[in-house]
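What follows is a short report on a single structure.
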Amino acid sequence: MIEVDGLRKSFEAVEVLRGVDLSVARGEVAAIIGPSGSGKSTFLRCLNGLERFDSGRAVVDGLSLGSEAETYGRAWARIHRQVCLRVGMVFQSFNLFPHRSALENVMEGPLSVLGLDRAEAEARARRLLDRVGMSDRLHAMPRQLSGGQQQRVAIARALAMGPRAMLFDEPTSALDPHMTAEVLAVMSDLAADGLTMVAVTHAMAFARRVAKTVHVFGDGRIIESGPPEQVFEDPREEATRLLLSNVQAA
Ligand SMILES: Nc1ncnc2c1ncn2[C@@H]1O[C@H](COP(=O)(O)OP(=O)(O)OP(=O)(O)O)[C@@H](O)[C@H]1O
Ligand SMILES: [Mg+2]
């Protein structure tokens, strides 16, 4: 589903991604951990076309994203549109439309991007909000919802586009333990249904339960990858050991 080879990306003079290789099979859950500033968010943003990369290769669901030198102008605009449809993204900060209700937030993409009629878009939104346990708050505005509730609406909103894969960028790091558990339960449910997911997360128990592979970012690269038990209990790299002791101490 996702195949990345030698992905490189600089901001000005600073090389943030220094040759990232990653593959994620259809239906697989990959967890990414790594210290702050190691390039995790930038990597996810490259995968769904929010950010261009300088060189390397990224193929998502058969769609080749191409580096900045290979695809530009209209070719890029076309690829960007397609990749946005195929890959959903959920951020740490929810990013809901503040002046729209939960239901309207989830209906927006299907109405304006997919061209569904109102009744279809509403039926889809109601079904997805029910799936994330939000059917009793359909008409609430984002400011009236807890962080965990807002994040569940954001997940429903991403699912409403019918993505082939979902990317999560620290979806629970702004939440307290109770709300974190609610959101992780939704993510576990999606994983059990066979959705391909890449999640930057330091929720270790979740990663251990749900992820097939944990990838450790360090300094713009993946420094080690393996099944959660192996990476968490017997890491090969000293940097991983240090990261894990910091996360567990937090
Ligand atoms: N738009 C940008 N312009 C310039 N530098 C950027 C930009 N986005 C990210 N960076 C830099 O790239 C590096 C990697 O940032 P990134 O957000 O990908 O790290 P991260 O691993 O997600 O960190 P965190 O765990 O804190 O979220 C950082 O040094 C950051 O300052
Ligand atoms: Mg980040």
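Ligands are numbered from 1 in the order shown, chains are lettered A, B, ... in the order of the structure tokens, and residues start at 1 in each chain.
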
DSSP on the backbone, then: every residue of region 83-143 of chain A marked strand (DSSP E), written as a compact mmCIF listing (two decimals) with N, CA and C atoms, in the first residue's frame.
# COMPACT_ATOMS: atom_id res chain seq x y z
N VAL A 87 -5.55 9.14 0.90
CA VAL A 87 -4.88 9.07 2.19
C VAL A 87 -5.49 10.10 3.14
N GLY A 88 -6.08 9.64 4.23
CA GLY A 88 -6.65 10.55 5.21
C GLY A 88 -5.62 10.89 6.28
N MET A 89 -5.74 12.08 6.84
CA MET A 89 -4.77 12.46 7.86
C MET A 89 -5.47 13.04 9.08
N VAL A 90 -4.96 12.66 10.25
CA VAL A 90 -5.49 13.15 11.52
C VAL A 90 -4.32 13.75 12.29

Self-check item: Picked from region 1-245 of chain A by DSSP as alpha helix (DSSP H), as number ranges by chain
Solution: A: 40-47, 73-86, 102-112, 118-131, 147-159, 177-192, 204-210, 228-233, 238-245

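The binding environment of ligand 1, defined as every protein, DNA or RNA residue with an atom no more than 8 Å away and counting only C-alpha atoms and all ligand atoms, comprises Ser10, Phe11, Glu12, Val14, Glu15, Val16, Leu17, Gly34, Pro35, Ser36, Gly37, Ser38, Gly39, Lys40, Ser41, Thr42, Phe43, Asp169, Glu170, Phe217 and Gly220 of chain A.
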
Let me see the file: selected residues, N, CA and C atoms, as a JSON list (two decimals), in the first residue's frame.
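New file part_35.json:
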[["chain", "number", "residue", "atom", "x", "y", "z"],
["A", 10, "SER", "N", 14.67, 18.78, 2.39],
["A", 10, "SER", "CA", 15.35, 19.84, 3.13],
["A", 10, "SER", "C", 14.43, 21.04, 3.26],
["A", 11, "PHE", "N", 14.57, 21.75, 4.37],
["A", 11, "PHE", "CA", 14.00, 23.08, 4.49],
["A", 11, "PHE", "C", 15.19, 24.03, 4.47],
["A", 12, "GLU", "N", 15.26, 24.91, 3.48],
["A", 12, "GLU", "CA", 16.42, 25.77, 3.31],
["A", 12, "GLU", "C", 17.66, 24.89, 3.31],
["A", 14, "VAL", "N", 18.70, 22.96, 5.73],
["A", 14, "VAL", "CA", 18.68, 21.87, 6.71],
["A", 14, "VAL", "C", 17.99, 20.63, 6.13],
["A", 15, "GLU", "N", 18.72, 19.55, 6.07],
["A", 15, "GLU", "CA", 18.12, 18.31, 5.57],
["A", 15, "GLU", "C", 17.39, 17.62, 6.72],
["A", 16, "VAL", "N", 16.07, 17.57, 6.60],
["A", 16, "VAL", "CA", 15.23, 17.04, 7.68],
["A", 16, "VAL", "C", 14.98, 15.56, 7.49],
["A", 17, "LEU", "N", 14.74, 15.14, 6.24],
["A", 17, "LEU", "CA", 14.62, 13.71, 5.95],
["A", 17, "LEU", "C", 15.84, 13.32, 5.12],
["A", 34, "GLY", "N", 9.87, 8.43, 17.74],
["A", 34, "GLY", "CA", 11.13, 9.12, 17.50],
["A", 34, "GLY", "C", 11.15, 10.42, 18.27],
["A", 35, "PRO", "N", 12.34, 10.95, 18.54],
["A", 35, "PRO", "CA", 12.43, 12.18, 19.31],
["A", 35, "PRO", "C", 11.87, 13.38, 18.56],
["A", 36, "SER", "N", 11.57, 14.43, 19.30],
["A", 36, "SER", "CA", 11.06, 15.66, 18.72],
["A", 36, "SER", "C", 12.08, 16.21, 17.72],
["A", 37, "GLY", "N", 11.57, 16.63, 16.57],
["A", 37, "GLY", "CA", 12.44, 17.23, 15.56],
["A", 37, "GLY", "C", 13.11, 16.21, 14.65],
["A", 38, "SER", "N", 12.78, 14.93, 14.81],
["A", 38, "SER", "CA", 13.46, 13.92, 13.98],
["A", 38, "SER", "C", 12.84, 13.77, 12.60],
["A", 39, "GLY", "N", 11.75, 14.49, 12.32],
["A", 39, "GLY", "CA", 11.21, 14.49, 10.97],
["A", 39, "GLY", "C", 9.94, 13.66, 10.79],
["A", 40, "LYS", "N", 9.32, 13.23, 11.87],
["A", 40, "LYS", "CA", 8.15, 12.34, 11.77],
["A", 40, "LYS", "C", 6.97, 13.03, 11.08],
["A", 41, "SER", "N", 6.65, 14.25, 11.53],
["A", 41, "SER", "CA", 5.51, 14.96, 10.92],
["A", 41, "SER", "C", 5.81, 15.29, 9.47],
["A", 42, "THR", "N", 7.02, 15.73, 9.22],
["A", 42, "THR", "CA", 7.40, 16.07, 7.84],
["A", 42, "THR", "C", 7.24, 14.84, 6.95],
["A", 43, "PHE", "N", 7.63, 13.70, 7.46],
["A", 43, "PHE", "CA", 7.51, 12.46, 6.68],
["A", 43, "PHE", "C", 6.03, 12.17, 6.36],
["A", 169, "ASP", "N", -0.94, 11.73, 13.12],
["A", 169, "ASP", "CA", 0.24, 12.40, 13.66],
["A", 169, "ASP", "C", 0.01, 12.75, 15.13],
["A", 170, "GLU", "N", 0.49, 11.90, 16.01],
["A", 170, "GLU", "CA", 0.33, 12.07, 17.47],
["A", 170, "GLU", "C", -1.10, 12.44, 17.83],
["A", 217, "PHE", "N", 12.35, 6.64, 14.28],
["A", 217, "PHE", "CA", 12.99, 7.74, 13.57],
["A", 217, "PHE", "C", 14.11, 8.31, 14.42],
["A", 220, "GLY", "N", 16.25, 12.11, 10.94],
["A", 220, "GLY", "CA", 15.85, 12.11, 9.54],
["A", 220, "GLY", "C", 15.90, 10.76, 8.85]]

Quiz item: Between A:Leu103, A:Leu184, A:Leu50, A:Leu242, which one has atoms that come closest to Pro142 (chain A), using only C-alpha atoms?
Solution: A:Leu103

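What separates CA of Val60 (chain A) from CA of Val214 (chain A) is a distance of 19.1 Å.
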
Practice problem: For region 92-99 of chain A, please output as a ChimeraX atom specification all residues within 10 Å (counting only C-alpha atoms; exclusion window: fewer than 4 positions along the same chain). | Solution: /A:104-106,108,141-143,147-155,157,168-175,200

Could those selected residues go to a file with N, CA and C atoms, as an mmCIF file, in the first residue's frame?
data_model
loop_
_atom_site.group_PDB
_atom_site.id
_atom_site.type_symbol
_atom_site.label_atom_id
_atom_site.label_comp_id
_atom_site.auth_asym_id
_atom_site.auth_seq_id
_atom_site.Cartn_x
_atom_site.Cartn_y
_atom_site.Cartn_z
ATOM 1 N N GLU A 104 -21.821 18.601 10.317
ATOM 2 C CA GLU A 104 -21.422 19.397 9.148
ATOM 3 C C GLU A 104 -19.933 19.227 8.835
ATOM 4 N N ASN A 105 -19.116 19.081 9.886
ATOM 5 C CA ASN A 105 -17.690 18.857 9.646
ATOM 6 C C ASN A 105 -17.477 17.589 8.825
ATOM 7 N N VAL A 106 -18.223 16.543 9.153
ATOM 8 C CA VAL A 106 -18.012 15.255 8.470
ATOM 9 C C VAL A 106 -18.646 15.262 7.078
ATOM 10 N N GLU A 108 -18.762 17.856 5.056
ATOM 11 C CA GLU A 108 -18.161 18.863 4.172
ATOM 12 C C GLU A 108 -17.397 18.260 2.978
ATOM 13 N N MET A 141 -21.098 21.970 18.424
ATOM 14 C CA MET A 141 -20.007 22.686 17.770
ATOM 15 C C MET A 141 -18.691 22.223 18.393
ATOM 16 N N PRO A 142 -17.583 22.330 17.651
ATOM 17 C CA PRO A 142 -16.309 21.846 18.187
ATOM 18 C C PRO A 142 -15.988 22.383 19.593
ATOM 19 N N ARG A 143 -16.265 23.686 19.842
ATOM 20 C CA ARG A 143 -15.902 24.245 21.159
ATOM 21 C C ARG A 143 -16.720 23.636 22.278
ATOM 22 N N GLY A 147 -11.644 17.370 23.965
ATOM 23 C CA GLY A 147 -10.587 17.084 22.985
ATOM 24 C C GLY A 147 -10.753 15.699 22.363
ATOM 25 N N GLY A 148 -11.089 14.728 23.203
ATOM 26 C CA GLY A 148 -11.229 13.364 22.695
ATOM 27 C C GLY A 148 -12.408 13.245 21.728
ATOM 28 N N GLN A 149 -13.482 13.985 22.062
ATOM 29 C CA GLN A 149 -14.647 13.974 21.162
ATOM 30 C C GLN A 149 -14.302 14.657 19.844
ATOM 31 N N GLN A 150 -13.599 15.788 19.931
ATOM 32 C CA GLN A 150 -13.209 16.490 18.700
ATOM 33 C C GLN A 150 -12.324 15.605 17.832
ATOM 34 N N GLN A 151 -11.427 14.878 18.490
ATOM 35 C CA GLN A 151 -10.535 14.027 17.706
ATOM 36 C C GLN A 151 -11.311 12.895 17.042
ATOM 37 N N ARG A 152 -12.340 12.390 17.707
ATOM 38 C CA ARG A 152 -13.139 11.325 17.093
ATOM 39 C C ARG A 152 -13.939 11.865 15.903
ATOM 40 N N VAL A 153 -14.405 13.115 16.014
ATOM 41 C CA VAL A 153 -15.072 13.741 14.859
ATOM 42 C C VAL A 153 -14.058 13.908 13.713
ATOM 43 N N ALA A 154 -12.836 14.301 14.067
ATOM 44 C CA ALA A 154 -11.809 14.486 13.030
ATOM 45 C C ALA A 154 -11.520 13.156 12.323
ATOM 46 N N ILE A 155 -11.537 12.063 13.073
ATOM 47 C CA ILE A 155 -11.315 10.745 12.459
ATOM 48 C C ILE A 155 -12.482 10.419 11.519
ATOM 49 N N ARG A 157 -14.352 12.521 10.027
ATOM 50 C CA ARG A 157 -14.258 13.408 8.872
ATOM 51 C C ARG A 157 -13.267 12.858 7.841
ATOM 52 N N PHE A 168 -1.854 9.132 11.047
ATOM 53 C CA PHE A 168 -2.173 9.786 12.317
ATOM 54 C C PHE A 168 -0.897 10.422 12.860
ATOM 55 N N ASP A 169 -0.944 11.727 13.123
ATOM 56 C CA ASP A 169 0.241 12.400 13.660
ATOM 57 C C ASP A 169 0.013 12.745 15.132
ATOM 58 N N GLU A 170 0.490 11.899 16.014
ATOM 59 C CA GLU A 170 0.333 12.065 17.466
ATOM 60 C C GLU A 170 -1.105 12.439 17.831
ATOM 61 N N PRO A 171 -2.053 11.590 17.466
ATOM 62 C CA PRO A 171 -3.466 11.954 17.620
ATOM 63 C C PRO A 171 -3.919 12.092 19.064
ATOM 64 N N THR A 172 -3.152 11.559 20.004
ATOM 65 C CA THR A 172 -3.607 11.613 21.402
ATOM 66 C C THR A 172 -2.684 12.424 22.295
ATOM 67 N N SER A 173 -1.690 13.075 21.714
ATOM 68 C CA SER A 173 -0.709 13.694 22.612
ATOM 69 C C SER A 173 -1.246 14.963 23.273
ATOM 70 N N ALA A 174 -2.376 15.501 22.768
ATOM 71 C CA ALA A 174 -2.965 16.667 23.456
ATOM 72 C C ALA A 174 -4.068 16.251 24.422
ATOM 73 N N LEU A 175 -4.240 14.957 24.642
ATOM 74 C CA LEU A 175 -5.403 14.479 25.396
ATOM 75 C C LEU A 175 -5.017 13.873 26.741
ATOM 76 N N VAL A 200 2.110 8.044 13.964
ATOM 77 C CA VAL A 200 3.158 8.546 14.853
ATOM 78 C C VAL A 200 2.521 8.590 16.230
#

Practice problem: Select, from A:Leu195, A:Met134, A:Val210, A:Val4, the residue with the minimum atom-to-atom distance to Ser101 (chain A), counting only C-alpha atoms. | Solution: A:Met134

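Closest approach to ligand 2 from the set A:Arg45, A:Arg209, A:His139, A:Arg118 is made by A:Arg45, with distances taken over only C-alpha atoms and all ligand atoms.
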
Quiz item: Between CA of Lys9 (chain A) and CA of Asn246 (chain A), what is the distance, to one decimal in Å?
Solution: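 Going from CA of Lys9 (chain A) over to CA of Asn246 (chain A), I get 27.0 Å.
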
Quiz item: Neighbours of Pro228 (chain A) within 8 Å (only C-alpha atoms; same-chain residues fewer than 6 positions away dropped), as a PyMOL selection string?
Solution: chain A and resi 207-208+211-214

Quiz item: Hey, which of A:Ile222, A:Val186, A:Leu128, A:Ala199 ends up closest to ligand 2? Count only C-alpha atoms and all ligand atoms.
Solution: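 Among the listed residues, A:Ala199 lies closest to ligand 2.
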
List as a compact mmCIF listing (two decimals) with C-alpha atoms, in the first residue's frame the protein and nucleic acid residues near region 24-27 of chain A, meaning an atom at most 8 Å away when only C-alpha atoms are counted, but skip any in the same chain fewer than 5 places from it.
# COMPACT_ATOMS: atom_id res chain seq x y z
CA MET A 1 0.00 0.00 0.00
CA ILE A 2 2.82 2.39 0.89
CA GLU A 3 6.35 2.07 -0.48
CA ALA A 191 -7.18 -1.50 12.55
CA GLY A 194 -8.20 -3.94 8.11
CA LEU A 195 -7.59 -0.26 7.42
CA THR A 196 -3.97 0.47 6.53
CA MET A 197 -2.62 2.94 9.08

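The interatomic distance for the pair CA of Ile33 (chain A) and CA of Val216 (chain A) works out to 5.1 Å.
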
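Candidate residues A:Arg131, A:Thr201, A:Gly109, A:Thr180 were compared for distance to ligand 2, and the nearest is A:Thr201, using only C-alpha atoms and all ligand atoms.
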
Quiz item: Which one of A:Ile32, A:Arg137, A:Ile79, A:Gly73 sits closest to ligand 2 if you count only C-alpha atoms and all ligand atoms?
Solution: A:Ile32
